[in-house]
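For reference, data00.cif (mmCIF, C-alpha atoms; chains and numbers go by the auth columns):
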data_data
loop_
_atom_site.group_PDB
_atom_site.id
_atom_site.type_symbol
_atom_site.label_atom_id
_atom_site.label_comp_id
_atom_site.label_asym_id
_atom_site.label_seq_id
_atom_site.Cartn_x
_atom_site.Cartn_y
_atom_site.Cartn_z
_atom_site.B_iso_or_equiv
_atom_site.auth_seq_id
_atom_site.auth_asym_id
ATOM 1 C CA LEU A 1 0.000 0.000 0.000 0.00 1 R
ATOM 2 C CA THR A 2 1.236 3.485 -0.867 0.00 2 R
ATOM 3 C CA GLY A 3 -1.436 5.868 0.426 0.00 3 R
ATOM 4 C CA ILE A 4 -4.639 6.375 2.388 0.00 4 R
ATOM 5 C CA ALA A 5 -7.395 9.006 2.484 0.00 5 R
ATOM 6 C CA ALA A 6 -10.001 8.913 5.232 0.00 6 R
ATOM 7 C CA VAL A 7 -13.146 11.026 4.940 0.00 7 R
ATOM 8 C CA SER A 8 -14.765 9.435 8.011 0.00 8 R
ATOM 9 C CA ALA A 9 -14.722 6.172 9.932 0.00 9 R
ATOM 10 C CA LYS A 10 -17.147 4.790 7.361 0.00 10 R
ATOM 11 C CA ASP A 11 -15.563 6.278 4.233 0.00 11 R
ATOM 12 C CA VAL A 12 -11.941 5.260 3.745 0.00 12 R
ATOM 13 C CA TRP A 13 -9.794 4.851 0.639 0.00 13 R
ATOM 14 C CA VAL A 14 -6.507 2.957 0.458 0.00 14 R
ATOM 15 C CA PHE A 15 -4.173 2.924 -2.533 0.00 15 R
ATOM 16 C CA GLY A 16 -1.530 0.564 -3.817 0.00 16 R
ATOM 17 C CA ALA A 17 -0.267 1.579 -7.243 0.00 17 R
ATOM 18 C CA SER A 18 1.433 -1.308 -9.033 0.00 18 R
ATOM 19 C CA GLY A 19 4.962 0.098 -9.450 0.00 19 R
ATOM 20 C CA ALA A 20 7.872 -2.299 -9.841 0.00 20 R
ATOM 21 C CA ILE A 21 6.849 -4.765 -7.133 0.00 21 R
ATOM 22 C CA GLY A 22 3.132 -4.994 -7.743 0.00 22 R
ATOM 23 C CA GLY A 23 0.414 -3.554 -5.560 0.00 23 R
ATOM 24 C CA LEU A 24 -3.054 -4.094 -4.138 0.00 24 R
ATOM 25 C CA GLY A 25 -4.750 -1.467 -6.284 0.00 25 R
ATOM 26 C CA THR A 26 -7.412 0.957 -5.041 0.00 26 R
ATOM 27 C CA TRP A 27 -9.914 -0.108 -2.391 0.00 27 R
ATOM 28 C CA HIS A 28 -12.853 1.719 -0.817 0.00 28 R
ATOM 29 C CA PHE A 29 -14.384 0.971 2.600 0.00 29 R
ATOM 30 C CA ASN A 30 -18.008 2.057 3.095 0.00 30 R
ATOM 31 C CA GLY A 31 -18.289 1.177 6.764 0.00 31 R
ATOM 32 C CA HIS A 32 -19.292 -2.410 6.108 0.00 32 R
ATOM 33 C CA SER A 33 -17.158 -3.898 3.351 0.00 33 R
ATOM 34 C CA TRP A 34 -14.220 -3.253 1.033 0.00 34 R
ATOM 35 C CA LYS A 35 -14.651 -2.844 -2.724 0.00 35 R
ATOM 36 C CA LYS A 36 -11.839 -2.936 -5.277 0.00 36 R
ATOM 37 C CA ILE A 37 -11.958 -0.037 -7.744 0.00 37 R
ATOM 38 C CA THR A 38 -11.493 -0.554 -11.475 0.00 38 R
ATOM 39 C CA GLY A 39 -11.091 1.889 -14.341 0.00 39 R
ATOM 40 C CA ASN A 40 -9.422 5.284 -13.937 0.00 40 R
ATOM 41 C CA GLY A 41 -9.073 4.935 -10.182 0.00 41 R
ATOM 42 C CA SER A 42 -7.371 1.533 -10.188 0.00 42 R
ATOM 43 C CA ALA A 43 -3.720 2.705 -10.247 0.00 43 R
ATOM 44 C CA ILE A 44 -3.697 5.510 -7.647 0.00 44 R
ATOM 45 C CA SER A 45 -0.600 5.901 -5.485 0.00 45 R
ATOM 46 C CA ALA A 46 -1.672 8.721 -3.144 0.00 46 R
ATOM 47 C CA ALA A 47 -4.556 11.113 -2.603 0.00 47 R
ATOM 48 C CA GLY A 48 -5.916 13.963 -0.522 0.00 48 R
ATOM 49 C CA ALA A 49 -9.588 14.184 0.437 0.00 49 R
ATOM 50 C CA LEU A 50 -11.503 17.417 0.933 0.00 50 R
ATOM 51 C CA SER A 51 -14.831 15.627 1.320 0.00 51 R
ATOM 52 C CA ALA A 52 -16.598 12.449 0.274 0.00 52 R
ATOM 53 C CA THR A 53 -17.327 14.047 -3.091 0.00 53 R
ATOM 54 C CA ASP A 54 -14.017 15.807 -3.697 0.00 54 R
ATOM 55 C CA ILE A 55 -10.844 13.702 -3.621 0.00 55 R
ATOM 56 C CA TRP A 56 -7.674 14.505 -5.557 0.00 56 R
ATOM 57 C CA ALA A 57 -5.185 11.790 -6.464 0.00 57 R
ATOM 58 C CA ILE A 58 -2.060 10.789 -8.398 0.00 58 R
ATOM 59 C CA SER A 59 -2.493 7.860 -10.781 0.00 59 R
ATOM 60 C CA GLY A 60 0.243 6.019 -12.656 0.00 60 R
ATOM 61 C CA ALA A 61 -1.917 5.160 -15.653 0.00 61 R
ATOM 62 C CA PRO A 62 -1.853 5.177 -18.593 0.00 62 R
ATOM 63 C CA ALA A 63 1.505 6.549 -19.857 0.00 63 R
ATOM 64 C CA HIS A 64 2.751 8.608 -16.912 0.00 64 R
ATOM 65 C CA SER A 65 1.435 9.845 -13.596 0.00 65 R
ATOM 66 C CA VAL A 66 -1.596 12.100 -13.949 0.00 66 R
ATOM 67 C CA VAL A 67 -3.941 13.926 -11.580 0.00 67 R
ATOM 68 C CA LEU A 68 -7.408 12.511 -10.977 0.00 68 R
ATOM 69 C CA ARG A 69 -10.375 14.049 -9.183 0.00 69 R
ATOM 70 C CA TYR A 70 -13.267 12.107 -7.652 0.00 70 R
ATOM 71 C CA ASP A 71 -16.747 13.649 -7.537 0.00 71 R
ATOM 72 C CA GLY A 72 -18.425 11.019 -5.396 0.00 72 R
ATOM 73 C CA THR A 73 -19.172 8.784 -8.363 0.00 73 R
ATOM 74 C CA THR A 74 -16.366 8.845 -10.931 0.00 74 R
ATOM 75 C CA TRP A 75 -12.584 9.338 -11.061 0.00 75 R
ATOM 76 C CA ARG A 76 -11.743 11.761 -13.884 0.00 76 R
ATOM 77 C CA GLN A 77 -8.373 12.987 -15.168 0.00 77 R
ATOM 78 C CA LEU A 78 -7.764 16.718 -14.883 0.00 78 R
ATOM 79 C CA THR A 79 -6.861 18.069 -18.307 0.00 79 R
ATOM 80 C CA ALA A 80 -5.880 21.674 -17.632 0.00 80 R
ATOM 81 C CA LYS A 81 -3.357 23.063 -20.123 0.00 81 R
ATOM 82 C CA ALA A 82 -0.860 23.761 -17.323 0.00 82 R
ATOM 83 C CA LEU A 83 -0.897 20.047 -16.387 0.00 83 R
ATOM 84 C CA ALA A 84 -0.382 18.762 -19.945 0.00 84 R
ATOM 85 C CA GLY A 85 2.802 16.692 -20.300 0.00 85 R
ATOM 86 C CA ILE A 86 3.629 16.776 -16.599 0.00 86 R
ATOM 87 C CA ALA A 87 4.383 13.505 -14.837 0.00 87 R
ATOM 88 C CA ALA A 88 2.718 14.234 -11.510 0.00 88 R
ATOM 89 C CA THR A 89 4.459 13.239 -8.284 0.00 89 R
ATOM 90 C CA GLY A 90 2.359 14.918 -5.595 0.00 90 R
ATOM 91 C CA VAL A 91 -0.988 16.588 -5.037 0.00 91 R
ATOM 92 C CA LEU A 92 -2.179 18.857 -2.227 0.00 92 R
ATOM 93 C CA PRO A 93 -5.822 20.016 -2.292 0.00 93 R
ATOM 94 C CA LEU A 94 -6.540 22.787 0.194 0.00 94 R
ATOM 95 C CA SER A 95 -10.016 23.707 -1.024 0.00 95 R
ATOM 96 C CA PRO A 96 -12.090 23.016 -4.161 0.00 96 R
ATOM 97 C CA ARG A 97 -10.416 26.001 -5.866 0.00 97 R
ATOM 98 C CA ASN A 98 -6.997 25.961 -4.226 0.00 98 R
ATOM 99 C CA ALA A 99 -4.714 23.011 -4.974 0.00 99 R
ATOM 100 C CA TRP A 100 -1.075 22.241 -5.714 0.00 100 R
ATOM 101 C CA VAL A 101 0.478 19.594 -7.956 0.00 101 R
ATOM 102 C CA SER A 102 4.172 18.715 -8.206 0.00 102 R
ATOM 103 C CA GLY A 103 5.720 16.986 -11.193 0.00 103 R
ATOM 104 C CA THR A 104 8.347 16.862 -13.903 0.00 104 R
ATOM 105 C CA THR A 105 8.676 17.175 -17.651 0.00 105 R
ATOM 106 C CA GLY A 106 11.347 15.700 -19.922 0.00 106 R
ATOM 107 C CA SER A 107 13.268 12.440 -19.768 0.00 107 R
ATOM 108 C CA GLN A 108 16.956 13.227 -20.376 0.00 108 R
ATOM 109 C CA HIS A 109 16.757 16.848 -19.220 0.00 109 R
ATOM 110 C CA ILE A 110 14.289 16.814 -16.337 0.00 110 R
ATOM 111 C CA VAL A 111 12.555 20.031 -15.312 0.00 111 R
ATOM 112 C CA SER A 112 10.552 20.141 -12.070 0.00 112 R
ATOM 113 C CA TRP A 113 7.397 22.176 -11.614 0.00 113 R
ATOM 114 C CA LEU A 114 4.755 23.196 -9.141 0.00 114 R
ATOM 115 C CA VAL A 115 1.334 23.760 -10.665 0.00 115 R
ATOM 116 C CA HIS A 116 -1.135 25.856 -8.681 0.00 116 R
ATOM 117 C CA LEU A 117 -4.892 26.104 -9.002 0.00 117 R
ATOM 118 C CA SER A 118 -6.099 29.462 -7.686 0.00 118 R
ATOM 119 C CA GLY A 119 -9.769 30.064 -8.298 0.00 119 R
ATOM 120 C CA ARG A 120 -10.368 28.689 -11.779 0.00 120 R
ATOM 121 C CA GLN A 121 -6.869 29.301 -13.184 0.00 121 R
ATOM 122 C CA TRP A 122 -4.000 26.793 -13.254 0.00 122 R
ATOM 123 C CA ARG A 123 -0.447 28.191 -13.357 0.00 123 R
ATOM 124 C CA ARG A 124 2.920 26.469 -13.833 0.00 124 R
ATOM 125 C CA ILE A 125 5.793 27.543 -11.596 0.00 125 R
ATOM 126 C CA LYS A 126 9.275 26.320 -12.508 0.00 126 R
ATOM 127 C CA VAL A 127 11.541 25.121 -9.709 0.00 127 R
ATOM 128 C CA PRO A 128 14.641 27.375 -9.913 0.00 128 R
ATOM 129 C CA TRP A 129 17.180 24.648 -9.060 0.00 129 R
ATOM 130 C CA PRO A 130 18.114 21.454 -10.939 0.00 130 R
ATOM 131 C CA VAL A 131 15.933 18.855 -9.259 0.00 131 R
ATOM 132 C CA ALA A 132 15.592 15.270 -10.431 0.00 132 R
ATOM 133 C CA GLY A 133 12.263 14.794 -8.736 0.00 133 R
ATOM 134 C CA LEU A 134 9.788 16.237 -6.262 0.00 134 R
ATOM 135 C CA GLY A 135 8.113 14.303 -3.486 0.00 135 R
ATOM 136 C CA GLY A 136 5.204 15.113 -1.229 0.00 136 R
ATOM 137 C CA LEU A 137 3.678 18.558 -0.772 0.00 137 R
ATOM 138 C CA ILE A 138 2.532 20.209 2.455 0.00 138 R
ATOM 139 C CA SER A 139 1.018 23.610 3.164 0.00 139 R
ATOM 140 C CA ASP A 140 3.107 26.124 5.104 0.00 140 R
ATOM 141 C CA GLY A 141 -0.087 27.441 6.695 0.00 141 R
ATOM 142 C CA GLN A 142 0.433 30.897 5.169 0.00 142 R
ATOM 143 C CA GLY A 143 -0.538 30.410 1.541 0.00 143 R
ATOM 144 C CA GLY A 144 2.749 28.835 0.458 0.00 144 R
ATOM 145 C CA VAL A 145 3.909 25.263 0.062 0.00 145 R
ATOM 146 C CA TRP A 146 6.786 22.952 1.030 0.00 146 R
ATOM 147 C CA ALA A 147 8.041 20.159 -1.238 0.00 147 R
ATOM 148 C CA SER A 148 10.672 17.489 -0.698 0.00 148 R
ATOM 149 C CA ALA A 149 13.165 17.194 -3.555 0.00 149 R
ATOM 150 C CA GLU A 150 16.160 15.234 -4.753 0.00 150 R
ATOM 151 C CA SER A 151 18.888 16.671 -6.984 0.00 151 R
ATOM 152 C CA ASP A 152 20.755 14.905 -9.787 0.00 152 R
ATOM 153 C CA ASN A 153 23.691 14.102 -7.498 0.00 153 R
ATOM 154 C CA GLY A 154 21.455 12.453 -4.895 0.00 154 R
ATOM 155 C CA ALA A 155 21.321 15.347 -2.419 0.00 155 R
ATOM 156 C CA SER A 156 17.989 15.850 -0.671 0.00 156 R
ATOM 157 C CA TRP A 157 16.315 19.186 -0.056 0.00 157 R
ATOM 158 C CA THR A 158 13.150 20.702 1.291 0.00 158 R
ATOM 159 C CA LEU A 159 11.969 23.475 -1.017 0.00 159 R
ATOM 160 C CA HIS A 160 9.705 26.336 0.007 0.00 160 R
ATOM 161 C CA LEU A 161 7.606 28.599 -2.188 0.00 161 R
ATOM 162 C CA SER A 162 6.042 31.453 -0.215 0.00 162 R
ATOM 163 C CA SER A 163 2.687 33.052 -0.941 0.00 163 R
ATOM 164 C CA ALA A 164 4.662 36.019 -2.322 0.00 164 R
ATOM 165 C CA GLY A 165 6.383 33.774 -4.872 0.00 165 R
ATOM 166 C CA GLN A 166 9.795 33.637 -3.169 0.00 166 R
ATOM 167 C CA TRP A 167 11.788 30.386 -3.258 0.00 167 R
ATOM 168 C CA SER A 168 14.113 29.031 -0.574 0.00 168 R
ATOM 169 C CA ARG A 169 15.550 25.632 0.225 0.00 169 R
ATOM 170 C CA ILE A 170 16.899 23.677 3.170 0.00 170 R
ATOM 171 C CA ALA A 171 19.462 20.904 2.833 0.00 171 R
ATOM 172 C CA ALA A 172 18.423 17.624 4.401 0.00 172 R
ATOM 173 C CA PRO A 173 20.595 16.140 7.157 0.00 173 R
ATOM 174 C CA SER A 174 23.956 15.123 5.725 0.00 174 R
ATOM 175 C CA GLY A 175 24.739 11.498 5.064 0.00 175 R
ATOM 176 C CA ALA A 176 25.234 9.207 2.125 0.00 176 R
ATOM 177 C CA GLY A 177 21.989 8.356 0.416 0.00 177 R
ATOM 178 C CA PHE A 178 19.745 10.324 2.766 0.00 178 R
ATOM 179 C CA GLY A 179 16.322 10.791 1.267 0.00 179 R
ATOM 180 C CA ILE A 180 13.254 12.608 2.595 0.00 180 R
ATOM 181 C CA ASP A 181 10.120 10.501 2.323 0.00 181 R
ATOM 182 C CA ASN A 182 7.564 12.703 4.037 0.00 182 R
ATOM 183 C CA GLU A 183 7.218 15.883 6.063 0.00 183 R
ATOM 184 C CA ALA A 184 4.715 17.564 8.362 0.00 184 R
ATOM 185 C CA LEU A 185 4.307 21.158 9.489 0.00 185 R
ATOM 186 C CA ILE A 186 4.233 21.719 13.246 0.00 186 R
ATOM 187 C CA PRO A 187 0.906 23.549 13.790 0.00 187 R
ATOM 188 C CA GLY A 188 1.209 27.205 14.703 0.00 188 R
ATOM 189 C CA SER A 189 4.845 27.400 13.624 0.00 189 R
ATOM 190 C CA THR A 190 7.134 27.468 10.600 0.00 190 R
ATOM 191 C CA SER A 191 8.997 24.333 11.716 0.00 191 R
ATOM 192 C CA LEU A 192 8.905 20.907 10.106 0.00 192 R
ATOM 193 C CA TRP A 193 9.214 17.296 11.098 0.00 193 R
ATOM 194 C CA GLY A 194 10.542 14.933 8.451 0.00 194 R
ATOM 195 C CA VAL A 195 11.221 11.241 7.980 0.00 195 R
ATOM 196 C CA GLY A 196 13.639 9.535 5.638 0.00 196 R
ATOM 197 C CA ALA A 197 16.302 6.885 5.255 0.00 197 R
ATOM 198 C CA LEU A 198 20.074 6.980 5.605 0.00 198 R
ATOM 199 C CA GLN A 199 22.303 4.493 3.789 0.00 199 R
ATOM 200 C CA ARG A 200 24.988 2.809 5.896 0.00 200 R
ATOM 201 C CA LYS A 201 27.499 0.049 5.266 0.00 201 R
ATOM 202 C CA THR A 202 25.322 -2.302 7.272 0.00 202 R
ATOM 203 C CA GLY A 203 22.150 -1.265 5.467 0.00 203 R
ATOM 204 C CA SER A 204 19.653 1.581 5.572 0.00 204 R
ATOM 205 C CA ALA A 205 18.368 3.219 8.751 0.00 205 R
ATOM 206 C CA ALA A 206 15.230 5.222 9.365 0.00 206 R
ATOM 207 C CA VAL A 207 15.762 8.861 10.320 0.00 207 R
ATOM 208 C CA ILE A 208 13.458 11.426 11.925 0.00 208 R
ATOM 209 C CA TRP A 209 14.557 15.053 11.703 0.00 209 R
ATOM 210 C CA CYS A 210 13.266 18.461 12.682 0.00 210 R
ATOM 211 C CA TRP A 211 13.902 21.825 11.039 0.00 211 R
ATOM 212 C CA ALA A 212 13.105 24.801 13.264 0.00 212 R
#
Go through the file and emit its structure as structure tokens.
Amino acid sequence: LTGIAAVSAKDVWVFGASGAIGGLGTWHFNGHSWKKITGNGSAISAAGALSATDIWAISGAPAHSVVLRYDGTTWRQLTAKALAGIAATGVLPLSPRNAWVSGTTGSQHIVSWLVHLSGRQWRRIKVPWPVAGLGGLISDGQGGVWASAESDNGASWTLHLSSAGQWSRIAAPSGAGFGIDNEALIPGSTSLWGVGALQRKTGSAAVIWCWA
């Protein structure tokens, strides 16, 4: 399993996109039983739920990762011009008309982007540093967004885009092969908790870190 979105105790979604090692697919719990989802929603890796009738998700099908939106009945791909050609890696819905998507374009020369829905308008925002990929997105609580990132040389970063459009970045804890898997904002602050893995000669080790 790769993700979960809980609307209530009787409305829960779990996701297991296939990837390289197979997966369980998409399942929905209605309070009594589990149902496996077919069609557009069958290859979802992660999602964020605003309500039972408004869930945003990343799906690995058909050709590359796309953004889906659930209206309570059907999973549909979002086809905004700003999202065209982007291989989506993360989605963060904050309200029905305020959402963020992270992703990349290109194969040999990768360019990373944040795409923002504000009102009815989608806008692409290019990441100003060479980044091989973006991970999860979290709100900074002030109209901006944080995103985990990995550069071409394997270094890990946490990127910040403020509500004023200013970029900054924080280097992850040093160590060979350290990667940030997920982050969380400490409520009422500008500090973050993060989790990741650190490669050692004896194997990998889980790491929890805090940026204050």
Could you give me, as a ChimeraX atom specification, the residues within 12 Å of Gln142 (chain R), counting only C-alpha atoms and dropping anything in the same chain fewer than 5 positions from it? /R:94,160-164,185,187-190
Since I can't run it myself right now, could you work out what the PyMOL selection byres ((chain R and resi 156) around 6) selects here and report it as an NGL selection string? :R and (149-150 or 155 or 157 or 172 or 179)
Can I get the selected residues back with C-alpha atoms, as a compact mmCIF listing (two decimals), keeping the file's coordinate frame?
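Heads up, here's the output in part39.txt:
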# COMPACT_ATOMS: atom_id res chain seq x y z
CA ALA R 149 13.16 17.19 -3.56
CA GLU R 150 16.16 15.23 -4.75
CA ALA R 155 21.32 15.35 -2.42
CA TRP R 157 16.32 19.19 -0.06
CA ALA R 172 18.42 17.62 4.40
CA GLY R 179 16.32 10.79 1.27
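Taking all atoms listed in the file into account, Gly135 (chain R) lies nearest to R:Ala46 out of the set R:Ile186, R:Leu1, R:Ala84, R:Ala46.
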Picked residues, the PyMOL selection byres ((chain R and resi 116-124) around 8), expected as a PyMOL selection string: chain R and resi 80-83+97-101+113-115+125-126
Selected residues, C-alpha atoms, written as a PDB file, in the frame of the given file, please.
ATOM      1  CA  ALA R  80      -5.880  21.674 -17.632  1.00  0.00           C
ATOM      2  CA  LYS R  81      -3.357  23.063 -20.123  1.00  0.00           C
ATOM      3  CA  ALA R  82      -0.860  23.761 -17.323  1.00  0.00           C
ATOM      4  CA  LEU R  83      -0.897  20.047 -16.387  1.00  0.00           C
ATOM      5  CA  ARG R  97     -10.416  26.001  -5.866  1.00  0.00           C
ATOM      6  CA  ASN R  98      -6.997  25.961  -4.226  1.00  0.00           C
ATOM      7  CA  ALA R  99      -4.714  23.011  -4.974  1.00  0.00           C
ATOM      8  CA  TRP R 100      -1.075  22.241  -5.714  1.00  0.00           C
ATOM      9  CA  VAL R 101       0.478  19.594  -7.956  1.00  0.00           C
ATOM     10  CA  TRP R 113       7.397  22.176 -11.614  1.00  0.00           C
ATOM     11  CA  LEU R 114       4.755  23.196  -9.141  1.00  0.00           C
ATOM     12  CA  VAL R 115       1.334  23.760 -10.665  1.00  0.00           C
ATOM     13  CA  ILE R 125       5.793  27.543 -11.596  1.00  0.00           C
ATOM     14  CA  LYS R 126       9.275  26.320 -12.508  1.00  0.00           C
TER      15      LYS R 126
END
For a cut-off of 7 Å around (3.5, 13.6, -9.3), file coordinates, pick out all residues using only C-alpha atoms and list them as a list of chain:residue names. R:Ile58, R:Ser65, R:Ala87, R:Ala88, R:Thr89, R:Gly90, R:Val91, R:Val101, R:Ser102, R:Gly103
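Comparing the minimum interatomic distances between Ala6 (chain R) and each of R:Ala43, R:Ala52, R:Ala184, R:Leu24, counting all atoms listed in the file, we find that R:Ala52 sits nearest.
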R:Val12, R:Arg76, R:Ile55, R:Leu159: which is nearest Asp140 (chain R), counting all atoms listed in the file? R:Leu159
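Atom to atom, CA of Gly144 (chain R) and CA of Cys210 (chain R) stand 19.2 Å apart.
Minimum atom-to-atom distance to Gly60 (chain R), evaluated using all atoms listed in the file, belongs to R:Ala17 out of R:Gly23, R:His32, R:Ala17, R:Ile86.
Neighbours of Gly39 (chain R) closer than or equal to 12 Å, with all atoms listed in the file counted and sequence neighbours fewer than 3 positions away skipped, come out as Gly25, Thr26, Lys36, Ser42, Ala43, Ile44, Ser59, Ala61, Pro62, Leu68, Thr74, Trp75, Arg76 and Gln77 of chain R.
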May I have the selected residues written with C-alpha atoms, as a PDB file, in the coordinates of the input?
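Once everything was written out, this is again-v3.pdb:
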ATOM      1  CA  GLY R  25      -4.750  -1.467  -6.284  1.00  0.00           C
ATOM      2  CA  THR R  26      -7.412   0.957  -5.041  1.00  0.00           C
ATOM      3  CA  LYS R  36     -11.839  -2.936  -5.277  1.00  0.00           C
ATOM      4  CA  SER R  42      -7.371   1.533 -10.188  1.00  0.00           C
ATOM      5  CA  ALA R  43      -3.720   2.705 -10.247  1.00  0.00           C
ATOM      6  CA  ILE R  44      -3.697   5.510  -7.647  1.00  0.00           C
ATOM      7  CA  SER R  59      -2.493   7.860 -10.781  1.00  0.00           C
ATOM      8  CA  ALA R  61      -1.917   5.160 -15.653  1.00  0.00           C
ATOM      9  CA  PRO R  62      -1.853   5.177 -18.593  1.00  0.00           C
ATOM     10  CA  LEU R  68      -7.408  12.511 -10.977  1.00  0.00           C
ATOM     11  CA  THR R  74     -16.366   8.845 -10.931  1.00  0.00           C
ATOM     12  CA  TRP R  75     -12.584   9.338 -11.061  1.00  0.00           C
ATOM     13  CA  ARG R  76     -11.743  11.761 -13.884  1.00  0.00           C
ATOM     14  CA  GLN R  77      -8.373  12.987 -15.168  1.00  0.00           C
TER      15      GLN R  77
END
One residue among R:Asn182, R:Val7, R:Asn40, R:Pro96 is nearest to Leu134 (chain R) when using all atoms listed in the file, and that residue is R:Asn182
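Using all atoms listed in the file, the shortest contact distance between Trp167 (chain R) and any of R:Leu137, R:Pro93, R:Asp54, R:Trp146 is found at R:Trp146.
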Expressed in Å to a single decimal, how great is the separation between CA of Leu92 (chain R) and CA of Ser33 (chain R)? 27.8 Å
